[in-house]
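**Student:** Structure file query_7.txt (compact mmCIF, C-alpha atoms) right here:
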# COMPACT_ATOMS: atom_id res chain seq x y z
CA MET V 1 204.18 314.50 152.80
CA ILE V 2 204.00 311.01 154.35
CA LYS V 3 207.17 310.21 156.23
CA PRO V 4 208.59 306.69 156.04
CA GLY V 5 208.29 304.64 159.22
CA SER V 6 211.37 304.42 161.42
CA PHE V 7 213.33 301.19 161.88
CA TYR V 8 213.07 299.07 165.01
CA GLN V 9 215.80 299.41 167.60
CA ARG V 10 218.53 296.79 167.24
CA ASP V 11 218.51 293.92 169.73
CA MET V 12 221.92 294.41 171.30
CA GLN V 13 221.65 291.06 173.12
CA ARG V 14 222.29 289.45 169.73
CA GLN V 15 225.20 291.73 168.82
CA PRO V 16 228.84 291.20 169.86
CA PRO V 17 230.25 293.75 172.29
CA ALA V 18 232.72 296.31 170.98
CA ARG V 19 235.35 294.90 173.34
CA ALA V 20 235.84 291.13 173.53
CA GLU V 21 238.91 290.10 175.52
CA ALA V 22 239.50 286.89 173.54
CA TYR V 23 239.37 288.87 170.26
CA LYS V 24 242.60 290.77 170.87
CA THR V 25 242.40 293.55 168.29
CA SER V 26 238.93 294.54 169.51
CA VAL V 27 240.51 295.70 172.75
CA SER V 28 242.55 298.46 171.09
CA ARG V 29 239.76 299.36 168.64
CA SER V 30 236.84 299.47 171.07
CA PRO V 31 235.40 302.86 172.11
CA ASN V 32 235.74 304.08 175.67
CA TYR V 33 232.21 305.47 175.87
CA PRO V 34 228.80 303.82 175.38
CA ARG V 35 226.79 304.18 172.17
CA ILE V 36 224.56 307.20 171.66
CA ALA V 37 221.07 306.42 170.35
CA LEU V 38 219.90 308.76 167.55
CA GLU V 39 216.62 308.93 165.66
CA ASN V 40 216.62 307.78 162.03
CA THR V 41 216.92 310.56 159.47
CA ILE V 42 215.02 310.60 156.16
CA GLY V 43 218.27 309.93 154.27
CA GLU V 44 219.10 306.93 156.45
CA MET V 45 215.64 305.45 155.90
CA THR V 46 215.28 305.97 152.14
CA GLY V 47 218.64 305.55 150.43
CA PRO V 48 220.68 304.53 148.61
CA VAL V 49 218.73 302.96 145.74
CA PHE V 50 220.37 300.62 143.22
CA GLY V 51 219.13 299.52 139.82
CA HIS V 52 219.78 296.53 137.59
CA HIS V 53 221.96 298.66 135.32
CA ASP V 54 224.48 298.78 138.21
CA ILE V 55 224.98 294.99 138.03
CA GLY V 56 227.00 293.16 135.37
CA PRO V 57 225.94 289.77 133.94
CA LEU V 58 228.73 287.87 135.77
CA ASP V 59 228.84 289.89 138.98
CA ASN V 60 227.23 287.08 141.00
CA ASP V 61 229.31 284.32 139.38
CA LEU V 62 232.71 284.26 141.06
CA LEU V 63 233.63 281.18 139.02
CA GLN V 64 233.71 283.35 135.90
CA ASN V 65 233.94 287.04 136.78
CA PHE V 66 237.74 287.01 137.24
CA ALA V 67 238.71 283.95 135.19
CA GLN V 68 241.57 284.45 132.73
CA ASN V 69 241.69 282.98 129.20
CA GLY V 70 239.05 280.34 129.85
CA GLY V 71 240.51 279.22 133.18
CA VAL V 72 238.47 278.28 136.27
CA PRO V 73 239.15 278.80 139.98
CA LEU V 74 240.47 275.92 142.06
CA GLY V 75 238.44 274.48 144.92
CA GLU V 76 235.04 273.16 145.92
CA ARG V 77 232.39 274.73 143.70
CA ILE V 78 229.33 275.92 145.63
CA ILE V 79 226.15 277.95 145.32
CA LEU V 80 225.37 280.33 148.19
CA HIS V 81 221.72 281.34 148.09
CA GLY V 82 218.85 282.46 150.27
CA ARG V 83 216.33 285.21 150.95
CA VAL V 84 216.62 288.64 152.52
CA LEU V 85 213.70 289.38 154.84
CA ASP V 86 212.99 291.99 157.48
CA GLU V 87 211.84 291.37 161.06
CA ASN V 88 208.24 291.53 159.86
CA ALA V 89 208.99 288.53 157.56
CA ARG V 90 208.55 290.73 154.49
CA PRO V 91 210.94 290.20 151.54
CA VAL V 92 213.47 292.99 150.98
CA THR V 93 213.35 293.39 147.21
CA ASN V 94 215.86 294.93 144.78
CA THR V 95 218.48 295.36 147.48
CA LEU V 96 222.20 295.18 146.80
CA ILE V 97 224.19 292.29 148.27
CA GLU V 98 227.98 292.35 148.02
CA ILE V 99 230.25 289.46 149.03
CA TRP V 100 233.99 289.04 149.41
CA GLN V 101 236.03 286.05 150.50
CA ALA V 102 239.33 284.19 150.52
CA ASN V 103 240.08 281.65 147.80
CA ALA V 104 240.01 277.88 148.31
CA GLY V 105 243.47 278.03 149.90
CA GLY V 106 242.43 280.66 152.44
CA ARG V 107 244.08 283.68 150.82
CA TYR V 108 242.49 287.00 149.88
CA ARG V 109 243.40 288.85 146.73
CA HIS V 110 244.75 291.82 148.71
CA LYS V 111 248.25 293.27 148.79
CA ASN V 112 248.38 293.07 152.58
CA ASP V 113 247.53 289.36 152.73
CA SER V 114 250.83 287.61 153.32
CA TYR V 115 249.54 284.09 154.03
CA LEU V 116 251.72 281.50 152.26
CA ALA V 117 248.80 279.96 150.33
CA PRO V 118 249.01 280.90 146.63
CA VAL V 119 246.87 283.52 144.91
CA ASP V 120 244.44 281.92 142.46
CA PRO V 121 244.89 283.71 139.10
CA ASN V 122 241.30 282.88 138.12
CA PHE V 123 239.57 284.00 141.31
CA GLY V 124 238.91 287.60 142.34
CA GLY V 125 236.98 286.83 145.51
CA CYS V 126 234.19 289.40 145.23
CA GLY V 127 230.75 289.68 143.70
CA ARG V 128 227.39 291.44 143.93
CA THR V 129 223.77 290.99 143.00
CA LEU V 130 220.27 292.38 143.59
CA THR V 131 217.50 290.45 145.33
CA ASP V 132 214.42 289.67 143.24
CA GLU V 133 210.75 290.37 144.00
CA ASN V 134 210.77 287.60 146.64
CA GLY V 135 213.97 288.81 148.31
CA TYR V 136 215.90 285.90 146.78
CA TYR V 137 219.59 286.02 145.86
CA ALA V 138 222.22 283.53 144.65
CA PHE V 139 225.98 283.46 144.07
CA ARG V 140 228.18 280.83 142.44
CA THR V 141 231.65 280.62 143.95
CA VAL V 142 234.20 278.31 145.61
CA LYS V 143 234.14 277.40 149.27
CA PRO V 144 236.80 279.56 150.96
CA GLY V 145 239.60 277.93 152.92
CA ALA V 146 240.47 278.48 156.56
CA TYR V 147 243.45 280.70 157.31
CA PRO V 148 245.64 281.61 160.31
CA TRP V 149 245.47 285.02 161.94
CA ARG V 150 247.54 286.73 164.60
CA ASN V 151 245.23 286.51 167.58
CA TRP V 152 246.78 283.78 169.72
CA VAL V 153 249.68 281.47 168.83
CA ASN V 154 247.60 279.07 166.73
CA SER V 155 244.37 280.88 165.83
CA TRP V 156 242.52 280.02 162.60
CA ARG V 157 239.47 281.64 161.05
CA PRO V 158 236.81 279.15 159.96
CA SER V 159 235.75 279.12 156.34
CA HIS V 160 233.52 282.16 155.81
CA ILE V 161 232.10 284.62 153.31
CA HIS V 162 231.58 288.31 154.11
CA LEU V 163 228.25 289.88 153.13
CA SER V 164 227.15 293.50 152.93
CA VAL V 165 223.37 293.93 152.56
CA PHE V 166 222.14 297.49 152.00
CA GLY V 167 218.42 297.00 152.62
CA THR V 168 216.08 299.89 151.88
CA GLY V 169 218.23 302.48 153.65
CA PHE V 170 221.55 302.97 155.42
CA ALA V 171 219.88 302.46 158.82
CA GLN V 172 218.94 298.93 157.73
CA ARG V 173 222.33 297.99 156.28
CA LEU V 174 223.99 294.85 157.62
CA VAL V 175 227.60 293.67 157.29
CA THR V 176 228.01 290.09 158.46
CA GLN V 177 229.76 286.77 157.87
CA CYS V 178 228.41 283.44 156.68
CA TYR V 179 229.91 280.21 158.02
CA PHE V 180 229.34 276.64 156.86
CA GLU V 181 227.66 273.70 158.54
CA GLY V 182 230.00 271.17 160.10
CA ASP V 183 233.12 273.36 160.37
CA PRO V 184 234.89 272.51 163.68
CA LEU V 185 236.71 275.85 163.71
CA ILE V 186 233.46 277.79 164.29
CA ALA V 187 233.31 276.76 167.95
CA LYS V 188 236.95 277.80 168.44
CA CYS V 189 236.80 281.24 166.77
CA PRO V 190 237.01 284.24 169.17
CA ILE V 191 235.23 286.47 166.65
CA VAL V 192 232.25 284.12 166.37
CA ASN V 193 232.12 283.50 170.09
CA ALA V 194 232.06 287.21 170.90
CA ILE V 195 228.35 286.95 169.99
CA PRO V 196 226.53 286.41 173.32
CA ASP V 197 223.46 284.58 171.96
CA PRO V 198 224.00 280.97 170.76
CA LYS V 199 220.87 281.20 168.59
CA ALA V 200 222.35 284.24 166.85
CA ILE V 201 225.49 282.23 166.11
CA GLU V 202 223.36 279.45 164.62
CA GLN V 203 221.83 281.98 162.23
CA LEU V 204 225.31 282.71 160.86
CA ILE V 205 225.86 279.08 159.84
CA ALA V 206 224.61 278.09 156.39
CA PRO V 207 223.29 274.52 156.22
CA LEU V 208 224.03 272.23 153.30
CA ASP V 209 221.16 272.37 150.79
CA LEU V 210 221.31 269.35 148.50
CA LYS V 211 217.99 270.33 146.87
CA ALA V 212 219.71 273.38 145.38
CA ALA V 213 222.93 271.54 144.50
CA ILE V 214 223.67 270.83 140.84
CA PRO V 215 224.59 267.15 140.26
CA LEU V 216 228.16 266.60 139.05
CA ASP V 217 228.78 270.36 139.32
CA CYS V 218 228.48 272.02 142.74
CA LEU V 219 227.04 271.78 146.24
CA ALA V 220 224.77 274.46 147.69
CA TYR V 221 224.41 276.20 151.05
CA LYS V 222 221.36 278.20 152.14
CA PHE V 223 221.88 281.47 154.03
CA ASP V 224 218.87 283.63 154.83
CA VAL V 225 219.42 287.19 156.06
CA VAL V 226 217.08 289.10 158.39
CA LEU V 227 217.36 292.91 158.43
CA ARG V 228 215.86 295.43 160.84
CA GLY V 229 212.10 295.76 160.61
CA GLN V 230 210.37 299.04 159.83
CA ARG V 231 207.30 300.46 161.52
CA SER V 232 204.12 301.02 159.58
CA THR V 233 204.15 304.46 157.96
CA LEU V 234 200.37 304.76 158.20
CA PHE V 235 200.28 303.79 161.88
CA GLU V 236 203.10 306.17 162.86
CA ASN V 237 201.51 309.10 161.09
CA ARG V 238 198.14 308.44 162.74
CA LEU V 239 199.84 308.48 166.12
CA GLU V 240 201.38 311.84 165.29
CA GLY V 241 198.01 313.24 164.21
CA ASN V 242 198.90 313.53 160.50
The structure given in the file should be rewritten as structure tokens.
**Tutor:**
Amino acid sequence: MIKPGSFYQRDMQRQPPARAEAYKTSVSRSPNYPRIALENTIGEMTGPVFGHHDIGPLDNDLLQNFAQNGGVPLGERIILHGRVLDENARPVTNTLIEIWQANAGGRYRHKNDSYLAPVDPNFGGCGRTLTDENGYYAFRTVKPGAYPWRNWVNSWRPSHIHLSVFGTGFAQRLVTQCYFEGDPLIAKCPIVNAIPDPKAIEQLIAPLDLKAAIPLDCLAYKFDVVLRGQRSTLFENRLEGN
């Protein structure tokens, strides 16, 4: 049996530390001991697998998938799109992408969100889709609003969308946040600035993409995602004498 190639080690210089003093809740949540490096298991490298029957026709259209009685969500209509690639620049095909976000007023549809902005009755704030054969994905949604959070006296999260990308296995999975070009709150956010590499921060900011915008309908932002690369199965097995 040919074993799948293992994934590359993560570049921790591009990852935020577990404890960031300016990000107050990370202090109480951070572990007291360093990470332990473990080899990838077969299950972590090969699953889970999702099919198109797991996705509904409106799952990637947040303008419609929670709308009530023909209503539409309030706010700036946008398309968020891009490609999912690995570190070898190969497209990651048929992989599940899930997103969740606040509405245009900066409020999540969650019972524990007590921000004074109103809940939008026509906006659920979550969606999912599968990448195509080129690793391409697209969502239609509204641009989320900024909101205050209890970090310092006057801390605000910049407008952002959360993404979960499964990749080809659990060891490749990425949970991240997408920010938007031109937002002045990005430079002031302790969560963003816990990332030590400025170039890594730039990769989290989606630029405006007028070529993908729909005239008189919505703007577009392009957000490409790069997952961990995987070693060549053939090369690894030759090294092991198989």
**Student:** Please provide as an MDAnalysis selection string all residues within 8 Å of segment 167-183 of chain V, with the sequence filter that same-chain residues fewer than 5 positions apart are discarded (counting only C-alpha atoms).
**Tutor:** chainID V and resid 7 40 43:49 92 95:96 158:162 204:208 221 223 227:228
**Student:** With only C-alpha atoms as the counted atoms, please give the residues lying no more than 6 Å from Asp132 of chain V, apart from itself and same-chain residues fewer than 3 positions off, as a ChimeraX atom specification.
**Tutor:** /V:93-94,135-136
**Student:** Can you pull out every residue within 9 Å of Ile42 of chain V, counting only C-alpha atoms, but drop anything in the same chain fewer than 6 positions away, and send it as a JSON list (two decimals) with C-alpha atoms, in the coordinates of the input?
**Tutor:**
[["chain", "number", "residue", "atom", "x", "y", "z"],
["V", 3, "LYS", "CA", 207.17, 310.21, 156.23],
["V", 4, "PRO", "CA", 208.59, 306.69, 156.04],
["V", 6, "SER", "CA", 211.37, 304.42, 161.42]]
**Student:** Give me, as a Markdown table, the closest atom pair and its distance (Å, one decimal) for every residue of segment 199-230 of chain V within a cut-off of 9 Å of segment 9-29 of chain V, counting all atoms listed in the file, rows sorted by chain and rising number.
**Tutor:**
| residue | atom | partner | partner_atom | distance |
| --- | --- | --- | --- | --- |
| V:Lys199 | CA | V:Arg14 | CA | 8.4 |
| V:Ala200 | CA | V:Arg14 | CA | 6.0 |
| V:Ile201 | CA | V:Arg14 | CA | 8.7 |
| V:Arg228 | CA | V:Arg10 | CA | 7.1 |
| V:Gly229 | CA | V:Gln9 | CA | 8.7 |
**Student:** Could you tell me how far atom CA of Glu87 of chain V lies from atom CA of Arg157 of chain V, in Å and to one decimal?
**Tutor:**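 Computed distance, atom CA of Glu87 of chain V to atom CA of Arg157 of chain V, equals 29.3 Å.
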**Student:** Enumerate, as a list of chain:residue names, the protein, DNA and RNA residues whose atoms approach (240.6, 274.8, 157.7) to within 10 Å, taking into account all atoms listed in the file and the coordinate frame of the file.
**Tutor:**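 The requested residues, written out, are V:Ala104, V:Gly105, V:Gly106, V:Pro144, V:Gly145, V:Ala146, V:Tyr147, V:Pro148, V:Trp156, V:Arg157, V:Pro158, V:Ser159, V:Asp183, V:Pro184, V:Leu185.
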**Student:** Print the selection's residues with C-alpha atoms to a file, as a PDB file, in the frame of the given file.
**Tutor:**
ATOM      1  CA  ALA V 104     240.010 277.880 148.310  1.00  0.00           C
ATOM      2  CA  GLY V 105     243.470 278.030 149.900  1.00  0.00           C
ATOM      3  CA  GLY V 106     242.430 280.660 152.440  1.00  0.00           C
ATOM      4  CA  PRO V 144     236.800 279.560 150.960  1.00  0.00           C
ATOM      5  CA  GLY V 145     239.600 277.930 152.920  1.00  0.00           C
ATOM      6  CA  ALA V 146     240.470 278.480 156.560  1.00  0.00           C
ATOM      7  CA  TYR V 147     243.450 280.700 157.310  1.00  0.00           C
ATOM      8  CA  PRO V 148     245.640 281.610 160.310  1.00  0.00           C
ATOM      9  CA  TRP V 156     242.520 280.020 162.600  1.00  0.00           C
ATOM     10  CA  ARG V 157     239.470 281.640 161.050  1.00  0.00           C
ATOM     11  CA  PRO V 158     236.810 279.150 159.960  1.00  0.00           C
ATOM     12  CA  SER V 159     235.750 279.120 156.340  1.00  0.00           C
ATOM     13  CA  ASP V 183     233.120 273.360 160.370  1.00  0.00           C
ATOM     14  CA  PRO V 184     234.890 272.510 163.680  1.00  0.00           C
ATOM     15  CA  LEU V 185     236.710 275.850 163.710  1.00  0.00           C
TER      16      LEU V 185
END
